[in-house]
Structures are given as C-alpha cells and as structure tokens.
Amino acid sequence: MTIPKLLTSLCLILAGIGPLLLDIGDTHLFNPDWDEHSRVHEVWRLATNFMITFLGLYLIWKKNMLSIASLLSLCMIIGFMISVITMPFYNGLAVGNGIDELRPFGIPLNIFSFVVVLVVQTISLLLAYKDNK
C-alpha cells in the first residue's frame with residue numbers, strides 16, 4: 001500500500017502546492033491586468049488547495065485514509081479540468097496573452113501537467129484497489 005500512498009502524496013503536492021509556487025507572480029496574482037476582485041478569488045483558490053493538500057497528506061500518513069485523500073486530490077485535479085473544458089463558456093484562455101509557456105506535444109504546460117497528475121492519481125487508485133481486493 002506504500003506505492004499508492006506515495007503517488008497520491010505526489011499528486012496532492014503537485015496539484016495543491018505547484019500552482020501556489022507558480023501563480024504568485026506577474027502571470028496570476030500580481031498580474032496588472034487583473035482587477036482587485038479577481039485577486040481575491042486567486043488567493044482563495046491557492047489557500048484552499050494548500051489546505052486540501054495538507055489535509056490529504058495528514059489523512060494518508062497519520063490516519064491511513066488513502067481513499068478520502070485520493071478523492072481530495074481528484075477534486076483539485078478535476079476542478080482544473082472543468083475549468084479547461086468550460087473555457088469557451090467564459091472566454092477563458094489556457095495561457096494568458098503575452099505569456100510564453102512551454103508546450104510539450106503542443107499542449108500548454110499547465111494542461112499537460114494536470115493530465116499527467118490525473119493519470120498518476122488514477123494509477124494510484126487502481127493500485128490501492130488491487131491491494132485491497
């Protein structure tokens with residue numbers, strides 16, 4: 001059961017702390033094109049994901065509650081995916097105007113990264129399910 005715990009921990013950290021490290025800067029939180037209210041929502045998202053990450057890690061390593069921690073991880077990952085899928089409805093962009101972001105396989109890095117994290121979290125769930133059979 002250690003591999004699923006490690007994989008889910010990695011997914012929690014990547015989905016919850018990765019954006020915290022990347023989005024506190026000119027591309028997001030301090031973007032001069034964002035109004036003040038948008039910044040409130042960004043801090044809310046970053047703080048919520050940070051707390052979800054640490055709650056998930058606590059549940060994995062102190063309470064041995066991998067399934068709930070995995071669901072918390074999936075909430076962050078799928079929440080991002082919903083934001084990507086619904087971009088046409090709110091005129092969103094995967095990468096802001098004027099921002100030069102890596103594009104592995106032609107996919108914006110943020111989307112590519114979250115797809116990888118989703119795959120890893122899915123593998124973790126399958127391994128955990130197999131271990132519990």
# chains A, B, ... in the order shown; residues from 1 in each chain; ligands from 1
>>> residues_around(residues="A:Leu109", least_positions_apart="3", cutoff="12 Å", atoms="only C-alpha atoms", output="PDB file with N, CA and C atoms, in the first residue's frame")
ATOM      1  N   PRO A  19       0.751  24.981  -8.118  1.00  0.00           N
ATOM      2  CA  PRO A  19       0.181  26.267  -8.525  1.00  0.00           C
ATOM      3  C   PRO A  19       0.496  27.401  -7.540  1.00  0.00           C
ATOM      4  N   LEU A  22       3.819  28.644  -8.583  1.00  0.00           N
ATOM      5  CA  LEU A  22       3.850  29.227  -9.928  1.00  0.00           C
ATOM      6  C   LEU A  22       2.943  30.441 -10.097  1.00  0.00           C
ATOM      7  N   ALA A  94      -6.064  29.100 -21.800  1.00  0.00           N
ATOM      8  CA  ALA A  94      -5.183  28.202 -21.045  1.00  0.00           C
ATOM      9  C   ALA A  94      -3.909  28.916 -20.623  1.00  0.00           C
ATOM     10  N   VAL A  95      -3.464  29.856 -21.436  1.00  0.00           N
ATOM     11  CA  VAL A  95      -2.265  30.649 -21.150  1.00  0.00           C
ATOM     12  C   VAL A  95      -2.608  32.094 -21.466  1.00  0.00           C
ATOM     13  N   ILE A  99       2.124  35.629 -22.537  1.00  0.00           N
ATOM     14  CA  ILE A  99       2.898  34.751 -21.649  1.00  0.00           C
ATOM     15  C   ILE A  99       3.457  33.615 -22.490  1.00  0.00           C
ATOM     16  N   ASP A 100       4.765  33.455 -22.428  1.00  0.00           N
ATOM     17  CA  ASP A 100       5.434  32.399 -23.179  1.00  0.00           C
ATOM     18  C   ASP A 100       5.584  31.188 -22.269  1.00  0.00           C
ATOM     19  N   GLU A 101       4.736  30.190 -22.497  1.00  0.00           N
ATOM     20  CA  GLU A 101       4.749  28.991 -21.667  1.00  0.00           C
ATOM     21  C   GLU A 101       5.157  27.795 -22.506  1.00  0.00           C
ATOM     22  N   LEU A 102       5.886  26.866 -21.905  1.00  0.00           N
ATOM     23  CA  LEU A 102       6.261  25.638 -22.601  1.00  0.00           C
ATOM     24  C   LEU A 102       5.013  24.913 -23.082  1.00  0.00           C
ATOM     25  N   ARG A 103       5.162  24.180 -24.177  1.00  0.00           N
ATOM     26  CA  ARG A 103       4.039  23.444 -24.765  1.00  0.00           C
ATOM     27  C   ARG A 103       4.507  22.050 -25.160  1.00  0.00           C
ATOM     28  N   PRO A 104       4.650  21.141 -24.183  1.00  0.00           N
ATOM     29  CA  PRO A 104       5.028  19.772 -24.556  1.00  0.00           C
ATOM     30  C   PRO A 104       3.957  19.142 -25.451  1.00  0.00           C
ATOM     31  N   PHE A 105       4.385  18.576 -26.564  1.00  0.00           N
ATOM     32  CA  PHE A 105       3.485  17.953 -27.536  1.00  0.00           C
ATOM     33  C   PHE A 105       2.421  18.932 -28.034  1.00  0.00           C
ATOM     34  N   GLY A 106       2.733  20.228 -27.990  1.00  0.00           N
ATOM     35  CA  GLY A 106       1.803  21.252 -28.449  1.00  0.00           C
ATOM     36  C   GLY A 106       0.701  21.579 -27.459  1.00  0.00           C
ATOM     37  N   PHE A 112      -1.039  20.064 -19.737  1.00  0.00           N
ATOM     38  CA  PHE A 112      -0.252  18.837 -19.824  1.00  0.00           C
ATOM     39  C   PHE A 112       0.079  18.308 -18.428  1.00  0.00           C
ATOM     40  N   SER A 113       0.500  19.198 -17.537  1.00  0.00           N
ATOM     41  CA  SER A 113       0.877  18.795 -16.179  1.00  0.00           C
ATOM     42  C   SER A 113      -0.295  18.181 -15.423  1.00  0.00           C
ATOM     43  N   PHE A 114      -1.459  18.812 -15.514  1.00  0.00           N
ATOM     44  CA  PHE A 114      -2.612  18.288 -14.794  1.00  0.00           C
ATOM     45  C   PHE A 114      -3.112  16.980 -15.393  1.00  0.00           C
ATOM     46  N   VAL A 115      -2.947  16.783 -16.707  1.00  0.00           N
ATOM     47  CA  VAL A 115      -3.298  15.493 -17.309  1.00  0.00           C
ATOM     48  C   VAL A 115      -2.370  14.410 -16.754  1.00  0.00           C
ATOM     49  N   VAL A 116      -1.077  14.710 -16.656  1.00  0.00           N
ATOM     50  CA  VAL A 116      -0.123  13.743 -16.096  1.00  0.00           C
ATOM     51  C   VAL A 116      -0.481  13.420 -14.651  1.00  0.00           C
TER      52      VAL A 116
END
>>> atom_distance(atom1="atom CA of A:Phe50", atom2="atom CA of A:Ser73")
11.1 Å
>>> residues_around(residues="A:Leu118", least_positions_apart="6", cutoff="10 Å", atoms="only C-alpha atoms", output="ChimeraX atom specification")
/A:11,15,73-74,76-78,81,112,124
>>> write_last_selection(atoms="C-alpha atoms", output="mmCIF file, in the first residue's frame")
data_model
loop_
_atom_site.group_PDB
_atom_site.id
_atom_site.type_symbol
_atom_site.label_atom_id
_atom_site.label_comp_id
_atom_site.auth_asym_id
_atom_site.auth_seq_id
_atom_site.Cartn_x
_atom_site.Cartn_y
_atom_site.Cartn_z
ATOM 1 C CA CYS A 11 -0.425 14.266 -6.751
ATOM 2 C CA ALA A 15 -1.927 19.913 -7.654
ATOM 3 C CA SER A 73 -6.630 15.084 -4.817
ATOM 4 C CA LEU A 74 -9.127 14.342 -7.570
ATOM 5 C CA MET A 76 -8.313 19.665 -7.265
ATOM 6 C CA ILE A 77 -7.352 17.876 -10.489
ATOM 7 C CA ILE A 78 -10.869 17.520 -11.890
ATOM 8 C CA MET A 81 -10.059 20.057 -15.867
ATOM 9 C CA PHE A 112 -0.252 18.837 -19.824
ATOM 10 C CA SER A 124 -2.613 5.178 -7.562
#
>>> atom_distance(atom1="atom CA of A:Glu42", atom2="atom CA of A:Leu29")
6.4 Å
>>> decode(residues="stretch 80-91 of chain A", atoms="N, CA and C atoms", output="short mmCIF file (atom, residue, chain, number, x, y, z; two decimals), in the first residue's frame")
data_model
loop_
_atom_site.label_atom_id
_atom_site.label_comp_id
_atom_site.auth_asym_id
_atom_site.auth_seq_id
_atom_site.Cartn_x
_atom_site.Cartn_y
_atom_site.Cartn_z
N PHE A 80 -9.64 21.62 -11.98
CA PHE A 80 -8.86 22.28 -13.02
C PHE A 80 -9.36 21.85 -14.40
N MET A 81 -9.60 20.55 -14.57
CA MET A 81 -10.06 20.06 -15.87
C MET A 81 -11.41 20.67 -16.26
N ILE A 82 -12.28 20.85 -15.28
CA ILE A 82 -13.57 21.51 -15.56
C ILE A 82 -13.34 22.94 -16.03
N SER A 83 -12.38 23.62 -15.41
CA SER A 83 -12.10 24.99 -15.83
C SER A 83 -11.58 25.04 -17.26
N VAL A 84 -10.81 24.03 -17.67
CA VAL A 84 -10.28 23.97 -19.04
C VAL A 84 -11.40 23.65 -20.03
N ILE A 85 -12.20 22.65 -19.70
CA ILE A 85 -13.26 22.22 -20.61
C ILE A 85 -14.30 23.32 -20.83
N THR A 86 -14.54 24.12 -19.80
CA THR A 86 -15.57 25.16 -19.89
C THR A 86 -15.03 26.52 -20.33
N MET A 87 -13.76 26.59 -20.72
CA MET A 87 -13.19 27.88 -21.15
C MET A 87 -14.02 28.58 -22.22
N PRO A 88 -14.57 27.87 -23.20
CA PRO A 88 -15.37 28.57 -24.22
C PRO A 88 -16.59 29.30 -23.65
N PHE A 89 -17.11 28.85 -22.53
CA PHE A 89 -18.30 29.46 -21.95
C PHE A 89 -18.02 30.76 -21.21
N TYR A 90 -16.77 30.93 -20.75
CA TYR A 90 -16.46 32.16 -20.02
C TYR A 90 -15.31 32.94 -20.66
N ASN A 91 -15.01 32.58 -21.93
CA ASN A 91 -13.98 33.27 -22.71
C ASN A 91 -12.61 33.16 -22.04
#
